[in-house]
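Trainee: First the structure, then my questions, so here it is.
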Amino acid sequence: MKNLYIIGAGGFGREVAWLVERINYLEPIWKLQGFLDDDIKKHGLLEGSYPIVGGCDFLRNLDEEAWVICAVGAAAVRKHIIEKIQQYKNVRYATLIDPSVLNSSSVRIGEGSIICAGTILTVDVTIGKHVIINLDCTVGHDSQIEDFVTIYPSVNVSGCVIVGEKAELGTGVQIIQGKRVGRNAILGAGAVVVRDVPAGCTAVGMPAKAVKYKS
């Protein structure tokens, strides 16, 4: 079994631990060693039934190969963490796909990504690196989800959609076919996307309309 550490002690981290347990129930792949979190106050405590063994610097002192998965929902923060730990030569990135996920053989999923229970990925879908797709989502044919995107629960992405790097799609977002969501864009919960969303834009509503842009 491979030694695995979850970065990010919190609610979603516990959900990822449960995902690991579900994978291991079918085939024992991962030996979950615990959580990593840079909040010093958490060190030595338990998150669920697993210890918080230290911060990300804990990886630097390991002599053995360590597999990690980042369970931090904020896309920009997740990218910062991954860039920080890339200096550690013993680190490998797990890809975790819940056993209930439905996907065709033409779906491609990058390293470090998390695909949660109840999700459906149809055909010729590309999922980048370190992407989080939460519970009960759908991604349609020929869509592309770029690196470090966060998709919250019950999001429906139609066919031929492109979601740019570090975009965040709030709970219940719906995107009609052929639209593009720019990098660093944020879609509020329940937004319905019927036109392209520019990079760095926060959009909300039905249909989704821009309310602000990142400076």
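Chain labels follow the order of the structure tokens: the first chain is A, the next B, and so on; residue numbering restarts at 1 in every chain, and ligands are counted from 1 in their shown order.
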Per DSSP on the backbone, what are the strand (DSSP E) residues of stretch 53-101 of chain A, as a list of chain:residue names?

Mentor: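 The strand (DSSP E) subset of stretch 53-101 of chain A is A:Val53, A:Gly54, A:Ala66, A:Trp67, A:Val68, A:Ile69, A:Cys70, A:Val91, A:Arg92, A:Tyr93, A:Leu96, A:Ile97.
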
Trainee: Can you write out the residues you just picked, keeping N, CA, C and O atoms, as an mmCIF file, in the first residue's frame?

Mentor:
data_model
loop_
_atom_site.group_PDB
_atom_site.id
_atom_site.type_symbol
_atom_site.label_atom_id
_atom_site.label_comp_id
_atom_site.auth_asym_id
_atom_site.auth_seq_id
_atom_site.Cartn_x
_atom_site.Cartn_y
_atom_site.Cartn_z
ATOM 1 N N VAL A 53 -0.472 15.418 11.409
ATOM 2 C CA VAL A 53 0.914 15.084 11.752
ATOM 3 C C VAL A 53 1.861 16.270 11.650
ATOM 4 O O VAL A 53 2.998 16.213 12.133
ATOM 5 N N GLY A 54 1.424 17.360 11.032
ATOM 6 C CA GLY A 54 2.286 18.533 10.895
ATOM 7 C C GLY A 54 1.862 19.370 9.709
ATOM 8 O O GLY A 54 0.791 19.176 9.130
ATOM 9 N N ALA A 66 6.242 9.687 -0.603
ATOM 10 C CA ALA A 66 4.976 10.092 0.019
ATOM 11 C C ALA A 66 4.011 10.545 -1.062
ATOM 12 O O ALA A 66 4.348 11.374 -1.905
ATOM 13 N N TRP A 67 2.817 9.991 -1.010
ATOM 14 C CA TRP A 67 1.752 10.415 -1.917
ATOM 15 C C TRP A 67 0.886 11.427 -1.198
ATOM 16 O O TRP A 67 0.577 11.263 -0.014
ATOM 17 N N VAL A 68 0.517 12.489 -1.893
ATOM 18 C CA VAL A 68 -0.286 13.528 -1.281
ATOM 19 C C VAL A 68 -1.480 13.859 -2.166
ATOM 20 O O VAL A 68 -1.465 13.641 -3.384
ATOM 21 N N ILE A 69 -2.519 14.385 -1.529
ATOM 22 C CA ILE A 69 -3.680 14.932 -2.223
ATOM 23 C C ILE A 69 -4.065 16.200 -1.486
ATOM 24 O O ILE A 69 -4.077 16.230 -0.252
ATOM 25 N N CYS A 70 -4.340 17.263 -2.220
ATOM 26 C CA CYS A 70 -4.661 18.544 -1.609
ATOM 27 C C CYS A 70 -6.173 18.739 -1.566
ATOM 28 O O CYS A 70 -6.822 18.867 -2.614
ATOM 29 N N VAL A 91 7.866 13.536 -3.178
ATOM 30 C CA VAL A 91 6.419 13.694 -3.213
ATOM 31 C C VAL A 91 5.846 13.207 -4.544
ATOM 32 O O VAL A 91 6.360 13.522 -5.614
ATOM 33 N N ARG A 92 4.758 12.454 -4.447
ATOM 34 C CA ARG A 92 3.989 12.031 -5.612
ATOM 35 C C ARG A 92 2.539 12.450 -5.395
ATOM 36 O O ARG A 92 2.097 12.589 -4.264
ATOM 37 N N TYR A 93 1.816 12.654 -6.471
ATOM 38 C CA TYR A 93 0.444 13.156 -6.370
ATOM 39 C C TYR A 93 -0.556 12.050 -6.674
ATOM 40 O O TYR A 93 -0.552 11.473 -7.764
ATOM 41 N N LEU A 96 -7.656 10.630 -6.936
ATOM 42 C CA LEU A 96 -8.679 9.880 -6.208
ATOM 43 C C LEU A 96 -10.019 10.009 -6.916
ATOM 44 O O LEU A 96 -10.548 11.110 -7.088
ATOM 45 N N ILE A 97 -10.575 8.876 -7.307
ATOM 46 C CA ILE A 97 -11.858 8.821 -8.004
ATOM 47 C C ILE A 97 -12.771 7.890 -7.225
ATOM 48 O O ILE A 97 -12.458 6.706 -7.042
#

Trainee: So that I can see what lies close to stretch 187-197 of chain A, please list as a VMD selection string the residues with an atom at most 8 Å from it, counting only C-alpha atoms and leaving out residues fewer than 5 positions away in the same chain.

Mentor: chain A and resid 168 to 176 179 to 182 202 to 208 210

Trainee: So how many Å separate atom CA of A:Ala185 and atom CA of A:Arg78, to one decimal?

Mentor: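 These atoms are spaced 15.3 Å apart.
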
Trainee: Pick out the residues sitting within 7 Å of stretch 2-15 of chain A, and hand them over as a list in words; count only C-alpha atoms, and ignore anything fewer than 5 positions along from it in its own chain.

Mentor: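 Close residues of stretch 2-15 of chain A: Ile29, Trp30, Lys31, Leu32, Gln33, Gly34, Phe35, Leu36, Asp37, Glu47, Gly48, Ala66, Trp67, Val68, Ile69, Cys70, Ala71 and Val72 of chain A.
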
Trainee: Go ahead and write the residues just picked, all heavy atoms, as a compact mmCIF listing (two decimals), in the first residue's frame.

Mentor:
# COMPACT_ATOMS: atom_id res chain seq x y z
N ILE A 29 -5.35 0.14 -1.65
CA ILE A 29 -4.31 0.87 -2.38
C ILE A 29 -3.55 1.84 -1.48
O ILE A 29 -2.33 1.94 -1.53
CB ILE A 29 -4.94 1.65 -3.56
CG1 ILE A 29 -5.57 0.68 -4.56
CG2 ILE A 29 -3.89 2.53 -4.25
CD1 ILE A 29 -6.35 1.38 -5.67
N TRP A 30 -4.29 2.56 -0.61
CA TRP A 30 -3.73 3.67 0.14
C TRP A 30 -3.65 3.36 1.63
O TRP A 30 -4.60 2.87 2.23
CB TRP A 30 -4.57 4.92 -0.05
CG TRP A 30 -4.75 5.31 -1.48
CD1 TRP A 30 -5.90 5.21 -2.24
CD2 TRP A 30 -3.75 5.83 -2.36
NE1 TRP A 30 -5.67 5.66 -3.51
CE2 TRP A 30 -4.36 6.05 -3.62
CE3 TRP A 30 -2.41 6.17 -2.20
CZ2 TRP A 30 -3.67 6.56 -4.72
CZ3 TRP A 30 -1.71 6.68 -3.28
CH2 TRP A 30 -2.34 6.87 -4.52
N LYS A 31 -2.50 3.69 2.23
CA LYS A 31 -2.35 3.66 3.68
C LYS A 31 -2.38 5.12 4.14
O LYS A 31 -1.38 5.84 4.04
CB LYS A 31 -1.04 2.99 4.08
CG LYS A 31 -0.89 2.82 5.59
CD LYS A 31 0.38 2.05 5.92
CE LYS A 31 0.50 1.84 7.43
NZ LYS A 31 1.76 1.10 7.76
N LEU A 32 -3.53 5.56 4.62
CA LEU A 32 -3.72 6.96 4.97
C LEU A 32 -3.01 7.26 6.29
O LEU A 32 -3.42 6.80 7.35
CB LEU A 32 -5.21 7.29 5.07
CG LEU A 32 -5.57 8.75 5.34
CD1 LEU A 32 -4.86 9.70 4.38
CD2 LEU A 32 -7.07 8.94 5.28
N GLN A 33 -1.94 8.06 6.20
CA GLN A 33 -1.11 8.36 7.36
C GLN A 33 -1.68 9.51 8.20
O GLN A 33 -1.32 9.67 9.37
CB GLN A 33 0.31 8.73 6.91
CG GLN A 33 1.02 7.62 6.15
CD GLN A 33 1.37 6.44 7.03
OE1 GLN A 33 1.53 6.59 8.25
NE2 GLN A 33 1.49 5.26 6.46
N GLY A 34 -2.53 10.34 7.58
CA GLY A 34 -3.10 11.45 8.32
C GLY A 34 -3.12 12.71 7.48
O GLY A 34 -2.99 12.68 6.25
N PHE A 35 -3.30 13.84 8.18
CA PHE A 35 -3.46 15.14 7.53
C PHE A 35 -2.22 16.00 7.71
O PHE A 35 -1.49 15.88 8.69
CB PHE A 35 -4.65 15.88 8.13
CG PHE A 35 -5.98 15.29 7.80
CD1 PHE A 35 -6.54 14.31 8.60
CD2 PHE A 35 -6.68 15.70 6.67
CE1 PHE A 35 -7.77 13.75 8.30
CE2 PHE A 35 -7.91 15.15 6.36
CZ PHE A 35 -8.46 14.19 7.17
N LEU A 36 -2.02 16.90 6.75
CA LEU A 36 -1.03 17.96 6.84
C LEU A 36 -1.77 19.29 6.82
O LEU A 36 -2.67 19.49 5.99
CB LEU A 36 -0.04 17.90 5.68
CG LEU A 36 0.74 16.60 5.51
CD1 LEU A 36 1.59 16.65 4.25
CD2 LEU A 36 1.63 16.32 6.72
N ASP A 37 -1.41 20.18 7.72
CA ASP A 37 -2.05 21.50 7.77
C ASP A 37 -1.06 22.48 8.37
O ASP A 37 -0.41 22.19 9.38
CB ASP A 37 -3.33 21.43 8.63
CG ASP A 37 -4.25 22.60 8.38
OD1 ASP A 37 -3.85 23.75 8.68
OD2 ASP A 37 -5.37 22.40 7.87
N GLU A 47 -8.29 14.73 13.13
CA GLU A 47 -9.35 15.17 12.22
C GLU A 47 -10.13 13.92 11.85
O GLU A 47 -9.63 13.07 11.12
CB GLU A 47 -8.75 15.82 10.98
CG GLU A 47 -9.78 16.47 10.07
CD GLU A 47 -10.49 17.65 10.72
OE1 GLU A 47 -9.83 18.63 11.12
OE2 GLU A 47 -11.72 17.57 10.82
N GLY A 48 -11.34 13.79 12.41
CA GLY A 48 -12.02 12.50 12.31
C GLY A 48 -11.24 11.49 13.12
O GLY A 48 -10.96 11.69 14.30
N ALA A 66 6.24 9.69 -0.60
CA ALA A 66 4.98 10.09 0.02
C ALA A 66 4.01 10.55 -1.06
O ALA A 66 4.35 11.37 -1.91
CB ALA A 66 5.21 11.22 1.02
N TRP A 67 2.82 9.99 -1.01
CA TRP A 67 1.75 10.41 -1.92
C TRP A 67 0.89 11.43 -1.20
O TRP A 67 0.58 11.26 -0.01
CB TRP A 67 0.93 9.20 -2.35
CG TRP A 67 1.69 8.27 -3.24
CD1 TRP A 67 2.62 7.35 -2.85
CD2 TRP A 67 1.62 8.18 -4.66
NE1 TRP A 67 3.14 6.69 -3.94
CE2 TRP A 67 2.54 7.18 -5.07
CE3 TRP A 67 0.86 8.84 -5.63
CZ2 TRP A 67 2.71 6.83 -6.40
CZ3 TRP A 67 1.04 8.49 -6.96
CH2 TRP A 67 1.95 7.51 -7.34
N VAL A 68 0.52 12.49 -1.89
CA VAL A 68 -0.29 13.53 -1.28
C VAL A 68 -1.48 13.86 -2.17
O VAL A 68 -1.46 13.64 -3.38
CB VAL A 68 0.52 14.82 -1.02
CG1 VAL A 68 1.70 14.55 -0.11
CG2 VAL A 68 0.98 15.47 -2.31
N ILE A 69 -2.52 14.39 -1.53
CA ILE A 69 -3.68 14.93 -2.22
C ILE A 69 -4.07 16.20 -1.49
O ILE A 69 -4.08 16.23 -0.25
CB ILE A 69 -4.85 13.91 -2.26
CG1 ILE A 69 -5.94 14.36 -3.23
CG2 ILE A 69 -5.40 13.63 -0.88
CD1 ILE A 69 -5.63 14.16 -4.67
N CYS A 70 -4.34 17.26 -2.22
CA CYS A 70 -4.66 18.54 -1.61
C CYS A 70 -6.17 18.74 -1.57
O CYS A 70 -6.82 18.87 -2.61
CB CYS A 70 -3.99 19.69 -2.36
SG CYS A 70 -4.15 21.27 -1.50
N ALA A 71 -6.73 18.78 -0.35
CA ALA A 71 -8.17 18.90 -0.15
C ALA A 71 -8.54 20.31 0.30
O ALA A 71 -9.39 20.50 1.17
CB ALA A 71 -8.63 17.87 0.88
N VAL A 72 -7.89 21.31 -0.30
CA VAL A 72 -8.19 22.71 -0.02
C VAL A 72 -9.06 23.23 -1.16
O VAL A 72 -8.66 23.23 -2.32
CB VAL A 72 -6.90 23.54 0.09
CG1 VAL A 72 -7.21 25.01 0.24
CG2 VAL A 72 -6.07 23.03 1.28

Trainee: Could you name the residues that touch A:Val77 at 12 Å or less, counting only C-alpha atoms, but leaving out those on the same chain fewer than 2 positions away, as a list in words?

Mentor: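 Everything that qualifies: Ile7, Gly8, Cys70, Ala71, Val72, Gly73, Ala74, Ala75, Lys79, His80, Ile81, Ile82, Glu83, Lys84, His130, Phe148, Val149, Thr150, Lys166, Glu168 and Asn184 of chain A.
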
Trainee: Can you tell me which residues surround A:Thr95 at a distance of at most 8 Å, considering only C-alpha atoms, apart from same-chain residues fewer than 5 positions away, and format the answer as a list of chain:residue names?

Mentor: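 So, after excluding close chain neighbours, the residues are A:Ile69, A:Gly110, A:Glu111, A:Gly112, A:Ser113, A:Ile114.
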
Trainee: Could you write out the selected residues, including C-alpha atoms, as a PDB file, in the first residue's frame?

Mentor:
ATOM      1  CA  ILE A  69      -3.680  14.932  -2.223  1.00  0.00           C
ATOM      2  CA  GLY A 110      -4.768  14.676 -14.461  1.00  0.00           C
ATOM      3  CA  GLU A 111      -2.691  13.853 -11.401  1.00  0.00           C
ATOM      4  CA  GLY A 112      -3.731  15.211  -8.041  1.00  0.00           C
ATOM      5  CA  SER A 113      -7.413  15.483  -8.950  1.00  0.00           C
ATOM      6  CA  ILE A 114     -10.336  14.475  -6.729  1.00  0.00           C
TER       7      ILE A 114
END

Trainee: Can you tell me which residues surround A:Ser100 at a distance of at most 9 Å, considering only C-alpha atoms, apart from same-chain residues fewer than 5 positions away, and format the answer as JSON, numbers by chain?

Mentor: {"A": [116, 117, 118, 119, 120]}

Trainee: Mind checking which residues fall within 9 Å of A:Cys160, counting only C-alpha atoms, ignoring those fewer than 2 positions away in the same chain, and posting them as number ranges by chain?

Mentor: A: 125, 140-144, 157-158, 162, 177-180

Trainee: Would you mind reading off the distance between atom CA of A:Pro99 and atom CA of A:Ile115, one decimal, in Å?

Mentor: 9.5 Å

Trainee: I'd like to know which residues of stretch 7-206 of chain A are helix (DSSP H, G or I) (by DSSP, run on the backbone); could you write them as a ChimeraX atom specification?

Mentor: /A:11-26,40-42,56-61,75-85

Trainee: Which one of A:Ile40, A:Leu46, A:Asp98, A:Val163 sits closest to A:Thr126 if you count only C-alpha atoms?

Mentor: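 Answer, going by the shortest atom-to-atom distance: A:Val163.
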
Trainee: Calculated over only C-alpha atoms, which of the candidates A:Ser106, A:Leu135, A:Gln87, A:Gly55 has the smallest distance to A:Val123?

Mentor: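 Checking each of A:Ser106, A:Leu135, A:Gln87, A:Gly55 against A:Val123, counting only C-alpha atoms, the winner is A:Ser106.
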